[in-house]
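Undergrad: Structure incoming, see below.
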Amino acid sequence: ARSINLAVIPGDGIGTEVVSQGLKVLRAVLPQEVKLETEEYDLGARRWHATGETLPDSELERLKAHDAILLGAIGDPSVPSGVLERGLLLRLRFAFDHFVNLRPSRLLPNTPTPLAGDPEIDFVVVREGTEGPYVGNGGSLRTGTPAEVATEVSLNTAHGVERVVRDAYERANARPRKKLTLVHKNNVLVYAGHLWKNTFDRVGREYPEVTTDYLHVDAATIFLVNDPARFDVIVTDNLFGDILTDLAAAITGGIGLAASGNINPTGEFPSMFEPVHGSAPDIAGTGKADPTATILSVALLLQHLGLTAEAARVEEAVTADLHERAALGTRTTDEIGDALAVRVSG
Ligand code: IPM
Ligand code: MN
């Protein structure tokens, strides 16, 4: 018998609501012999207001002991912008070396898309998660004056780029279409761009079966709308990946369906699974939040833990549920969670 020791960070806003549905489905899908232990961490806006803490070292230390982390959403209008994002969410991604930020996009049947026709969309974005402009390597001179100068330097290391590019090749190689697209902006960002492109080409020689492609990020946004079928696996830097995955969510049923995994492939630290969406304070407490993105993130978590059959059951349940959504009319967060829990256990 095996057990899963899961850390749960519900966070802010709708985070708590969607996480409880995710856990409901997780409990329903796990076979009897897998023991699930959960520990909830009180992190986010409430904690910050009460203690001024975002993520104390002691909590980070305790989190390390878990097999994985399920996170809802972080951020609240009552907290200055960036405090929780940087101090909690990004701190977790950096401290646990989540260098693969995995964001799959699939247009499931009966899912609304703003795109014309009946596009085929089934790709995964491998977004670098620990470097780029996210590292906080910046500063400001003469702050607040008309002569202010602000910098935000993008950090790209050979080690950091190679490990994420290699991971993306592995993923592309394991998919039927075996196609990998590098997205960057190497006509302008020449230093980082060349490191990425050279690494991409060099590592690619080890994967002769993978077809490769390169796109500038601006062109990639056009193709995502006009010809999304051309994408299989995309590898890109932290900021480009942030932007592209919101666009990817918008064309595949919206942010309510977009799942993600912050993965540490070496297993040195726990990986963390979270919906791509934020805390949506405007609808918090109304029961309007769609828990599907969190539930699909639970599928990624199961996959990561090697519970492949259970992951597939969750995905199948979501697909089946989406089939009936239009006919079912508006349901609450809880009702969608219940329906999916029933489906995975049935
Ligand atoms: C995301 C979010 C975060 C990011 C923010 C909240 C820091 O937009 O997970 O995509 O930029 O990575
Ligand atoms: Mn984002």
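Each chain in the structure tokens gets a letter, A, B and so on, in the order shown; residues start at 1 in every chain, and ligands are counted from 1 in the order they appear.
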Report as a count of residues only which protein, DNA and RNA residues come within 9 Å of ligand 2, using only C-alpha atoms and all ligand atoms.
TA: 10
Undergrad: For the structure I just gave you, how does DSSP split segment 230-319 of chain A - specifically, which residues are alpha helix (DSSP H)? Reply as a compact mmCIF listing (two decimals) with C-alpha atoms, in the first residue's frame.
TA:
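Output below, filename selection.txt:
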```txt
# COMPACT_ATOMS: atom_id res chain seq x y z
CA ASN A 238 9.17 32.37 -18.02
CA LEU A 239 7.52 35.61 -19.16
CA PHE A 240 6.68 34.56 -22.73
CA GLY A 241 5.24 31.38 -21.26
CA ASP A 242 3.10 33.34 -18.82
CA ILE A 243 1.55 35.36 -21.63
CA LEU A 244 1.18 32.53 -24.14
CA THR A 245 -0.54 30.26 -21.64
CA ASP A 246 -3.24 32.84 -20.89
CA LEU A 247 -3.87 33.08 -24.63
CA ALA A 248 -3.79 29.29 -24.85
CA ALA A 249 -6.41 29.11 -22.09
CA ALA A 250 -8.60 31.67 -23.83
CA ILE A 251 -8.79 29.57 -27.00
CA THR A 292 -12.48 22.29 -13.34
CA ALA A 293 -9.03 23.88 -13.76
CA THR A 294 -8.10 22.73 -10.26
CA ILE A 295 -9.53 19.28 -10.87
CA LEU A 296 -7.49 19.00 -14.08
CA SER A 297 -4.47 20.12 -12.04
CA VAL A 298 -5.24 17.20 -9.73
CA ALA A 299 -5.00 14.98 -12.83
CA LEU A 300 -1.52 16.40 -13.50
CA LEU A 301 -0.64 15.72 -9.86
CA LEU A 302 -1.80 12.09 -10.16
CA GLN A 303 0.21 11.73 -13.35
CA HIS A 304 3.27 13.14 -11.64
CA THR A 308 -1.63 7.19 -14.50
CA ALA A 309 -4.94 5.33 -14.55
CA GLU A 310 -6.42 7.65 -11.92
CA ALA A 311 -5.20 10.69 -13.85
CA ALA A 312 -6.91 9.39 -16.96
CA ARG A 313 -10.15 8.80 -15.04
CA VAL A 314 -10.19 12.42 -13.88
CA GLU A 315 -9.59 13.66 -17.43
CA GLU A 316 -12.30 11.39 -18.81
CA ALA A 317 -14.72 12.62 -16.17
CA VAL A 318 -14.03 16.23 -17.15
CA THR A 319 -14.47 15.44 -20.84
```
Undergrad: DSSP on the backbone, strand (DSSP E) only: what residues of segment 22-268 of chain A does that give? Format it as a PyMOL selection string.
TA: chain A and resi 34-40+68-73+100-106+122-128+138-141+149-152+179-184+211-216+233-236+259-263
Undergrad: Counting only C-alpha atoms and all ligand atoms, which residue out of A:Ile4, A:Leu257, A:Val135, A:Leu90 sits closest to ligand 1?
TA: A:Leu90
Undergrad: For a test of reading the model, state the distance in Å between atom CA of Glu37 of chain A and atom CA of Ser3 of chain A, rounded to one decimal.
TA: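 Computing the Euclidean distance for atom CA of Glu37 of chain A and atom CA of Ser3 of chain A yields 7.4 Å.
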Undergrad: Could you tell me which of A:Ile121, A:Val29, A:Ala341, A:Val83 comes closest to ligand 1 if we count only C-alpha atoms and all ligand atoms?
TA: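 Of the candidates, the smallest distance to ligand 1 is held by A:Val83.
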Undergrad: Between A:Thr16, A:Ser78, A:Ser140, A:Thr130, which is the closest to Glu152 of chain A once you count only C-alpha atoms?
TA: A:Ser140
Undergrad: Please determine, counting only C-alpha atoms, which residue among A:Thr333, A:Thr111, A:Thr236, A:Thr38 has the shortest atom-to-atom distance to Ile283 of chain A.
TA: A:Thr333
Undergrad: Near Pro10 of chain A, counting only C-alpha atoms, which residues have an atom at most 12 Å away, once you skip same-chain residues fewer than 2 positions from it, shown as a PyMOL selection string?
TA: chain A and resi 7-8+12-23+38-46+69-75+89+273-275+278-279+294
